[in-house]
Every structure is written in structure tokens, then in C-alpha cells.
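Participant: Got a file for you: input.pdb, PDB, C-alpha atoms.
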```
ATOM      1  CA  MET A  16      69.317 109.396  88.170  1.00  0.00           C
ATOM      2  CA  LYS A  17      72.596 107.473  88.390  1.00  0.00           C
ATOM      3  CA  HIS A  18      74.530 110.767  88.674  1.00  0.00           C
ATOM      4  CA  PHE A  19      72.623 111.784  91.815  1.00  0.00           C
ATOM      5  CA  GLN A  20      73.096 108.352  93.393  1.00  0.00           C
ATOM      6  CA  ASN A  21      76.860 108.580  92.805  1.00  0.00           C
ATOM      7  CA  ARG A  22      76.919 112.072  94.300  1.00  0.00           C
ATOM      8  CA  ASP A  23      75.000 110.885  97.365  1.00  0.00           C
ATOM      9  CA  ASN A  24      77.376 107.933  97.788  1.00  0.00           C
ATOM     10  CA  ILE A  25      80.412 110.227  97.567  1.00  0.00           C
ATOM     11  CA  ILE A  26      78.920 112.560 100.160  1.00  0.00           C
ATOM     12  CA  ARG A  27      78.029 109.672 102.505  1.00  0.00           C
ATOM     13  CA  VAL A  28      81.479 108.055 102.289  1.00  0.00           C
ATOM     14  CA  SER A  29      83.187 111.450 102.629  1.00  0.00           C
ATOM     15  CA  ASN A  30      81.253 112.098 105.813  1.00  0.00           C
ATOM     16  CA  ILE A  31      82.418 108.778 107.280  1.00  0.00           C
ATOM     17  CA  LEU A  32      86.048 109.363 106.263  1.00  0.00           C
ATOM     18  CA  ARG A  33      85.897 112.889 107.661  1.00  0.00           C
ATOM     19  CA  VAL A  34      84.838 111.494 111.060  1.00  0.00           C
ATOM     20  CA  VAL A  35      87.728 109.013 110.937  1.00  0.00           C
ATOM     21  CA  LEU A  36      90.172 111.808 110.069  1.00  0.00           C
ATOM     22  CA  PHE A  37      88.820 113.932 112.911  1.00  0.00           C
ATOM     23  CA  GLY A  38      89.722 111.054 115.206  1.00  0.00           C
ATOM     24  CA  GLY A  39      93.183 111.143 113.607  1.00  0.00           C
ATOM     25  CA  LEU A  40      93.519 114.846 114.400  1.00  0.00           C
ATOM     26  CA  ILE A  41      92.685 114.151 118.027  1.00  0.00           C
ATOM     27  CA  ALA A  42      95.153 111.248 118.063  1.00  0.00           C
ATOM     28  CA  TRP A  43      97.949 113.487 116.756  1.00  0.00           C
ATOM     29  CA  VAL A  44      97.290 116.074 119.449  1.00  0.00           C
ATOM     30  CA  LEU A  45      97.418 113.360 122.106  1.00  0.00           C
ATOM     31  CA  GLY A  46     100.516 111.893 120.462  1.00  0.00           C
ATOM     32  CA  VAL A  47     102.378 115.149 120.839  1.00  0.00           C
ATOM     33  CA  ALA A  48     101.446 115.192 124.511  1.00  0.00           C
ATOM     34  CA  LEU A  49     102.778 111.646 124.891  1.00  0.00           C
ATOM     35  CA  LEU A  50     106.113 112.587 123.288  1.00  0.00           C
ATOM     36  CA  VAL A  51     107.217 113.889 126.653  1.00  0.00           C
ATOM     37  CA  PHE A  52     107.033 110.353 128.002  1.00  0.00           C
ATOM     38  CA  ASP A  53     109.133 109.097 125.093  1.00  0.00           C
ATOM     39  CA  ILE A  54     111.914 111.378 126.257  1.00  0.00           C
ATOM     40  CA  LEU A  55     112.011 109.715 129.678  1.00  0.00           C
ATOM     41  CA  ILE A  56     113.202 106.335 128.312  1.00  0.00           C
ATOM     42  CA  PRO A  57     116.681 107.522 127.189  1.00  0.00           C
ATOM     43  CA  LEU A  58     117.236 109.098 130.615  1.00  0.00           C
ATOM     44  CA  VAL A  59     117.709 105.582 131.973  1.00  0.00           C
ATOM     45  CA  THR A  60     119.409 103.782 129.082  1.00  0.00           C
ATOM     46  CA  LEU A  61     121.956 106.155 127.524  1.00  0.00           C
ATOM     47  CA  PRO A  62     125.355 107.216 128.850  1.00  0.00           C
ATOM     48  CA  ARG A  63     125.595 110.802 130.099  1.00  0.00           C
ATOM     49  CA  GLU A  64     127.732 112.107 127.214  1.00  0.00           C
ATOM     50  CA  LYS A  65     125.080 111.181 124.610  1.00  0.00           C
ATOM     51  CA  LEU A  66     122.054 111.951 126.722  1.00  0.00           C
ATOM     52  CA  TYR A  67     121.494 115.649 126.082  1.00  0.00           C
ATOM     53  CA  SER A  68     122.097 115.593 122.337  1.00  0.00           C
ATOM     54  CA  TYR A  69     120.004 112.476 121.918  1.00  0.00           C
ATOM     55  CA  THR A  70     116.991 113.708 123.858  1.00  0.00           C
ATOM     56  CA  THR A  71     117.051 117.083 122.117  1.00  0.00           C
ATOM     57  CA  LEU A  72     117.225 115.399 118.716  1.00  0.00           C
ATOM     58  CA  ILE A  73     114.442 112.984 119.594  1.00  0.00           C
ATOM     59  CA  PHE A  74     112.138 115.605 121.076  1.00  0.00           C
ATOM     60  CA  ALA A  75     112.591 118.239 118.367  1.00  0.00           C
ATOM     61  CA  GLY A  76     112.516 115.669 115.577  1.00  0.00           C
ATOM     62  CA  MET A  77     109.400 113.913 116.784  1.00  0.00           C
ATOM     63  CA  LEU A  78     107.627 117.203 117.405  1.00  0.00           C
ATOM     64  CA  ILE A  79     108.328 118.330 113.830  1.00  0.00           C
ATOM     65  CA  LEU A  80     107.302 114.941 112.460  1.00  0.00           C
ATOM     66  CA  ALA A  81     104.067 114.994 114.462  1.00  0.00           C
ATOM     67  CA  SER A  82     103.278 118.489 113.187  1.00  0.00           C
ATOM     68  CA  LEU A  83     103.868 117.371 109.577  1.00  0.00           C
ATOM     69  CA  ALA A  84     101.586 114.378 110.070  1.00  0.00           C
ATOM     70  CA  PHE A  85      98.983 116.616 111.707  1.00  0.00           C
ATOM     71  CA  TYR A  86      99.125 118.939 108.692  1.00  0.00           C
ATOM     72  CA  VAL A  87      98.673 116.051 106.238  1.00  0.00           C
ATOM     73  CA  ASN A  88      95.750 114.812 108.298  1.00  0.00           C
ATOM     74  CA  SER A  89      94.188 118.292 108.368  1.00  0.00           C
ATOM     75  CA  ARG A  90      94.507 118.658 104.567  1.00  0.00           C
ATOM     76  CA  LEU A  91      92.757 115.311 104.076  1.00  0.00           C
ATOM     77  CA  PHE A  92      90.133 116.367 106.646  1.00  0.00           C
ATOM     78  CA  ARG A  93      89.467 119.557 104.653  1.00  0.00           C
ATOM     79  CA  PHE A  94      89.357 117.578 101.379  1.00  0.00           C
ATOM     80  CA  PHE A  95      86.689 115.207 102.668  1.00  0.00           C
ATOM     81  CA  GLY A  96      84.890 118.090 104.351  1.00  0.00           C
ATOM     82  CA  ARG A  97      84.495 119.822 100.992  1.00  0.00           C
ATOM     83  CA  LEU A  98      83.326 116.566  99.409  1.00  0.00           C
ATOM     84  CA  LYS A  99      80.809 116.137 102.225  1.00  0.00           C
ATOM     85  CA  ASN A 100      79.489 119.642 101.584  1.00  0.00           C
ATOM     86  CA  GLY A 101      78.919 118.812  97.932  1.00  0.00           C
ATOM     87  CA  TYR A 102      81.906 120.588  96.368  1.00  0.00           C
ATOM     88  CA  LEU A 103      82.855 117.618  94.258  1.00  0.00           C
ATOM     89  CA  PHE A 104      86.251 117.915  92.640  1.00  0.00           C
ATOM     90  CA  ASP A 105      86.514 121.665  92.122  1.00  0.00           C
ATOM     91  CA  ARG A 106      89.927 123.378  92.181  1.00  0.00           C
ATOM     92  CA  GLU A 107      90.028 124.052  95.914  1.00  0.00           C
ATOM     93  CA  THR A 108      88.935 120.519  96.812  1.00  0.00           C
ATOM     94  CA  VAL A 109      91.529 118.922  94.534  1.00  0.00           C
ATOM     95  CA  GLY A 110      94.094 121.422  95.853  1.00  0.00           C
ATOM     96  CA  TYR A 111      93.660 120.003  99.348  1.00  0.00           C
ATOM     97  CA  LEU A 112      94.351 116.505  98.050  1.00  0.00           C
ATOM     98  CA  ASP A 113      97.402 117.703  96.118  1.00  0.00           C
ATOM     99  CA  SER A 114      98.702 119.558  99.162  1.00  0.00           C
ATOM    100  CA  ALA A 115      98.226 116.492 101.364  1.00  0.00           C
ATOM    101  CA  GLY A 116     100.231 114.372  98.902  1.00  0.00           C
ATOM    102  CA  LYS A 117     103.122 116.836  98.780  1.00  0.00           C
ATOM    103  CA  TRP A 118     103.242 117.217 102.554  1.00  0.00           C
ATOM    104  CA  TRP A 119     103.052 113.431 102.990  1.00  0.00           C
ATOM    105  CA  ILE A 120     106.132 113.010 100.806  1.00  0.00           C
ATOM    106  CA  GLY A 121     107.872 115.734 102.830  1.00  0.00           C
ATOM    107  CA  ALA A 122     106.933 113.987 106.074  1.00  0.00           C
ATOM    108  CA  TRP A 123     108.261 110.705 104.655  1.00  0.00           C
ATOM    109  CA  LEU A 124     111.593 112.323 103.748  1.00  0.00           C
ATOM    110  CA  TYR A 125     111.867 113.926 107.162  1.00  0.00           C
ATOM    111  CA  SER A 126     110.868 110.709 108.927  1.00  0.00           C
ATOM    112  CA  ASP A 127     113.469 108.627 107.127  1.00  0.00           C
ATOM    113  CA  MET A 128     116.141 111.265 107.735  1.00  0.00           C
ATOM    114  CA  LEU A 129     115.244 111.425 111.427  1.00  0.00           C
ATOM    115  CA  THR A 130     115.176 107.639 111.760  1.00  0.00           C
ATOM    116  CA  PHE A 131     118.582 107.393 110.086  1.00  0.00           C
ATOM    117  CA  LEU A 132     120.088 109.998 112.428  1.00  0.00           C
ATOM    118  CA  ILE A 133     118.639 108.425 115.554  1.00  0.00           C
ATOM    119  CA  ARG A 134     119.650 104.892 114.636  1.00  0.00           C
ATOM    120  CA  HIS A 135     123.105 106.045 113.549  1.00  0.00           C
ATOM    121  CA  TRP A 136     123.430 107.831 116.880  1.00  0.00           C
ATOM    122  CA  VAL A 137     122.792 104.669 118.894  1.00  0.00           C
ATOM    123  CA  PHE A 138     124.449 102.323 116.351  1.00  0.00           C
ATOM    124  CA  GLN A 139     121.437 100.344 115.181  1.00  0.00           C
ATOM    125  CA  PRO A 140     120.936  99.089 111.611  1.00  0.00           C
ATOM    126  CA  GLN A 141     118.801 101.180 109.274  1.00  0.00           C
ATOM    127  CA  ASP A 142     115.896  99.778 107.295  1.00  0.00           C
ATOM    128  CA  LEU A 143     114.230 101.659 104.464  1.00  0.00           C
ATOM    129  CA  ASN A 144     110.521 102.413 104.578  1.00  0.00           C
ATOM    130  CA  PHE A 145     108.806 103.484 101.373  1.00  0.00           C
ATOM    131  CA  GLY A 146     105.218 103.420 102.660  1.00  0.00           C
ATOM    132  CA  GLY A 147     104.999 107.185 103.110  1.00  0.00           C
ATOM    133  CA  LEU A 148     106.458 107.814  99.674  1.00  0.00           C
ATOM    134  CA  SER A 149     103.980 105.435  98.065  1.00  0.00           C
ATOM    135  CA  ALA A 150     101.010 107.003  99.838  1.00  0.00           C
ATOM    136  CA  GLY A 151     102.115 110.532  98.930  1.00  0.00           C
ATOM    137  CA  LEU A 152     102.657 109.584  95.299  1.00  0.00           C
ATOM    138  CA  ILE A 153      99.231 107.942  95.132  1.00  0.00           C
ATOM    139  CA  LEU A 154      97.598 111.092  96.494  1.00  0.00           C
ATOM    140  CA  LEU A 155      99.517 113.227  93.988  1.00  0.00           C
ATOM    141  CA  PHE A 156      98.507 110.904  91.154  1.00  0.00           C
ATOM    142  CA  VAL A 157      94.827 111.006  92.100  1.00  0.00           C
ATOM    143  CA  ALA A 158      94.963 114.815  92.415  1.00  0.00           C
ATOM    144  CA  TRP A 159      96.662 115.084  89.011  1.00  0.00           C
ATOM    145  CA  MET A 160      94.059 112.776  87.475  1.00  0.00           C
ATOM    146  CA  LEU A 161      91.236 114.891  88.930  1.00  0.00           C
ATOM    147  CA  LYS A 162      92.860 118.076  87.595  1.00  0.00           C
ATOM    148  CA  GLU A 163      93.064 116.518  84.140  1.00  0.00           C
ATOM    149  CA  ALA A 164      89.412 115.448  84.412  1.00  0.00           C
ATOM    150  CA  GLN A 165      88.496 119.037  85.288  1.00  0.00           C
ATOM    151  CA  GLY A 166      90.293 120.232  82.172  1.00  0.00           C
ATOM    152  CA  LEU A 167      88.483 117.669  80.021  1.00  0.00           C
ATOM    153  CA  GLN A 168      85.140 118.640  81.510  1.00  0.00           C
ATOM    154  CA  GLU A 169      85.787 122.348  80.888  1.00  0.00           C
ATOM    155  CA  GLU A 170      86.830 121.590  77.320  1.00  0.00           C
ATOM    156  CA  GLN A 171      83.706 119.486  76.783  1.00  0.00           C
ATOM    157  CA  GLU A 172      81.472 122.245  78.189  1.00  0.00           C
ATOM    158  CA  LEU A 173      83.025 124.761  75.797  1.00  0.00           C
ATOM    159  CA  THR A 174      82.380 122.592  72.735  1.00  0.00           C
ATOM    160  CA  VAL A 175      78.711 121.944  73.558  1.00  0.00           C
TER     161      VAL A 175
END
```
How does the structure come out when it is put into C-alpha cells?
Facilitator:
Amino acid sequence: MKHFQNRDNIIRVSNILRVVLFGGLIAWVLGVALLVFDILIPLVTLPREKLYSYTTLIFAGMLILASLAFYVNSRLFRFFGRLKNGYLFDRETVGYLDSAGKWWIGAWLYSDMLTFLIRHWVFQPQDLNFGGLSAGLILLFVAWMLKEAQGLQEEQELTV
């Protein structure tokens, strides 16, 4: 009886998180549309010789970063979608979580590289941000733990 209650709780929470992540997907699409307005600010503040390189770097860099974040969000959306549909912790479901963790680390690396280049370009100090790395590593750890649990379950089923 307890097993079915846990399964129902996982499905219920996954449905809620999936709705939240769907809102995140919409927010990323709107964020890309708003990037155009971010390009207008340097038109007023930067000298002409830095203007074209700076705006191209900002626009291309932010567009790539937004697409990486959108991809991470979509992988998490698919992960919780499979949980909601009752596919609890099979290979494909855990694969989505693993993929989201790897892409999150990639987005963190790209984000820090882009931030360093932009701040170096306009001579501002650089601060390090390890939040994206921590989140990606946590997702990878949870995915690894679920893969190991799958292996233990398969081994236990073979011995019974």
C-alpha cells in the first residue's frame, strides 16, 4: 500500500513541477525576444569604436546562452513529464535528468566565459559564480544514483 502512495505522490509532484517548467519554457522564449531590447542600451553608452563588436558579442552570446538554458529546461520538462506519466526511473527518464545536468554545466561554463569577456571588454571586475556548476553537479549525482539503483534492482530481480 505504501508503494502505491509513494508512486501517486511522485506523479502529483511531477505534474506540478512540469507545469512550473512549462512556464520556464515560455519565459525563455520571451527572454530571447527581449534580448533585442538589451542591445539598445549599449547604443547610447559605448564609444563608436567598441559599439559594433560589443553588440555583436552581447547579442550572439546571450542568444546562445538562452538556447542552452532553454535546452536544460526542456530536458527537465521531459524528465518530469515521464515521471508524471508513470515511467518512474527507467533508463530514458534518468537519461533526461543526466542530459539536463551535463547541459547545465555546459551552460554554466559558457555563461562564465561570456561574462568574463563582456566585463573584460568594458573594464569591469569579474566575480565568480558557481551556482550553475553546483546545480549541474547535483543533477548528475542524482542521475548517477538512480542509475546505480536501477542496477541494484535488476540484480535483485535476477537473484529472486
Participant: Expand the PyMOL selection byres ((chain A and resi 95-98) around 10) into the individual residues it matches in the shown file, reporting them as a PDB file with C-alpha atoms, in the frame of the given file.
Facilitator:
```
ATOM      1  CA  ARG A  22      76.919 112.072  94.300  1.00  0.00           C
ATOM      2  CA  ILE A  25      80.412 110.227  97.567  1.00  0.00           C
ATOM      3  CA  ILE A  26      78.920 112.560 100.160  1.00  0.00           C
ATOM      4  CA  ARG A  27      78.029 109.672 102.505  1.00  0.00           C
ATOM      5  CA  VAL A  28      81.479 108.055 102.289  1.00  0.00           C
ATOM      6  CA  SER A  29      83.187 111.450 102.629  1.00  0.00           C
ATOM      7  CA  ASN A  30      81.253 112.098 105.813  1.00  0.00           C
ATOM      8  CA  ILE A  31      82.418 108.778 107.280  1.00  0.00           C
ATOM      9  CA  LEU A  32      86.048 109.363 106.263  1.00  0.00           C
ATOM     10  CA  ARG A  33      85.897 112.889 107.661  1.00  0.00           C
ATOM     11  CA  VAL A  34      84.838 111.494 111.060  1.00  0.00           C
ATOM     12  CA  LEU A  36      90.172 111.808 110.069  1.00  0.00           C
ATOM     13  CA  SER A  89      94.188 118.292 108.368  1.00  0.00           C
ATOM     14  CA  ARG A  90      94.507 118.658 104.567  1.00  0.00           C
ATOM     15  CA  LEU A  91      92.757 115.311 104.076  1.00  0.00           C
ATOM     16  CA  PHE A  92      90.133 116.367 106.646  1.00  0.00           C
ATOM     17  CA  ARG A  93      89.467 119.557 104.653  1.00  0.00           C
ATOM     18  CA  PHE A  94      89.357 117.578 101.379  1.00  0.00           C
ATOM     19  CA  LYS A  99      80.809 116.137 102.225  1.00  0.00           C
ATOM     20  CA  ASN A 100      79.489 119.642 101.584  1.00  0.00           C
ATOM     21  CA  GLY A 101      78.919 118.812  97.932  1.00  0.00           C
ATOM     22  CA  TYR A 102      81.906 120.588  96.368  1.00  0.00           C
ATOM     23  CA  LEU A 103      82.855 117.618  94.258  1.00  0.00           C
ATOM     24  CA  PHE A 104      86.251 117.915  92.640  1.00  0.00           C
ATOM     25  CA  ASP A 105      86.514 121.665  92.122  1.00  0.00           C
ATOM     26  CA  GLU A 107      90.028 124.052  95.914  1.00  0.00           C
ATOM     27  CA  THR A 108      88.935 120.519  96.812  1.00  0.00           C
ATOM     28  CA  VAL A 109      91.529 118.922  94.534  1.00  0.00           C
ATOM     29  CA  TYR A 111      93.660 120.003  99.348  1.00  0.00           C
ATOM     30  CA  LEU A 112      94.351 116.505  98.050  1.00  0.00           C
TER      31      LEU A 112
END
```
Participant: Written as a PDB file with C-alpha atoms, in the coordinates of the input, what is the full residue list that the PyMOL selection byres ((chain A and resi 118) around 8) yields on the file shown?
Facilitator:
```
ATOM      1  CA  LEU A  83     103.868 117.371 109.577  1.00  0.00           C
ATOM      2  CA  TYR A  86      99.125 118.939 108.692  1.00  0.00           C
ATOM      3  CA  VAL A  87      98.673 116.051 106.238  1.00  0.00           C
ATOM      4  CA  SER A 114      98.702 119.558  99.162  1.00  0.00           C
ATOM      5  CA  ALA A 115      98.226 116.492 101.364  1.00  0.00           C
ATOM      6  CA  GLY A 116     100.231 114.372  98.902  1.00  0.00           C
ATOM      7  CA  LYS A 117     103.122 116.836  98.780  1.00  0.00           C
ATOM      8  CA  TRP A 119     103.052 113.431 102.990  1.00  0.00           C
ATOM      9  CA  ILE A 120     106.132 113.010 100.806  1.00  0.00           C
ATOM     10  CA  GLY A 121     107.872 115.734 102.830  1.00  0.00           C
ATOM     11  CA  ALA A 122     106.933 113.987 106.074  1.00  0.00           C
ATOM     12  CA  GLY A 151     102.115 110.532  98.930  1.00  0.00           C
TER      13      GLY A 151
END
```
Participant: Using Å and a single decimal, report how far atom CA of Leu154 of chain A sits from atom CA of Ala81 of chain A.
Facilitator: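 Pair atom CA of Ala81 of chain A / atom CA of Leu154 of chain A returns 19.5 Å.
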Participant: Which is closer to Trp159 of chain A than all the others in A:Leu143, A:Ser126, A:Gly110, A:Thr174, using all atoms listed in the file?
Facilitator: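 Of A:Leu143, A:Ser126, A:Gly110, A:Thr174, the one nearest Trp159 of chain A, counting all atoms listed in the file, is A:Gly110.
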Participant: Residues picked by the PyMOL selection byres ((chain A and resi 144) around 12) here, as a PyMOL selection string?
Facilitator: chain A and resi 123-128+130-131+141-143+145-150
Participant: Report, in Å to a single decimal, how far apart atom CA of Ala48 of chain A and atom CA of Ala84 of chain A are.
Facilitator: 14.5 Å
Participant: What does the distance from atom CA of Gly39 of chain A to atom CA of Met160 of chain A come to in Å, to one decimal?
Facilitator: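 The value is 26.2 Å.
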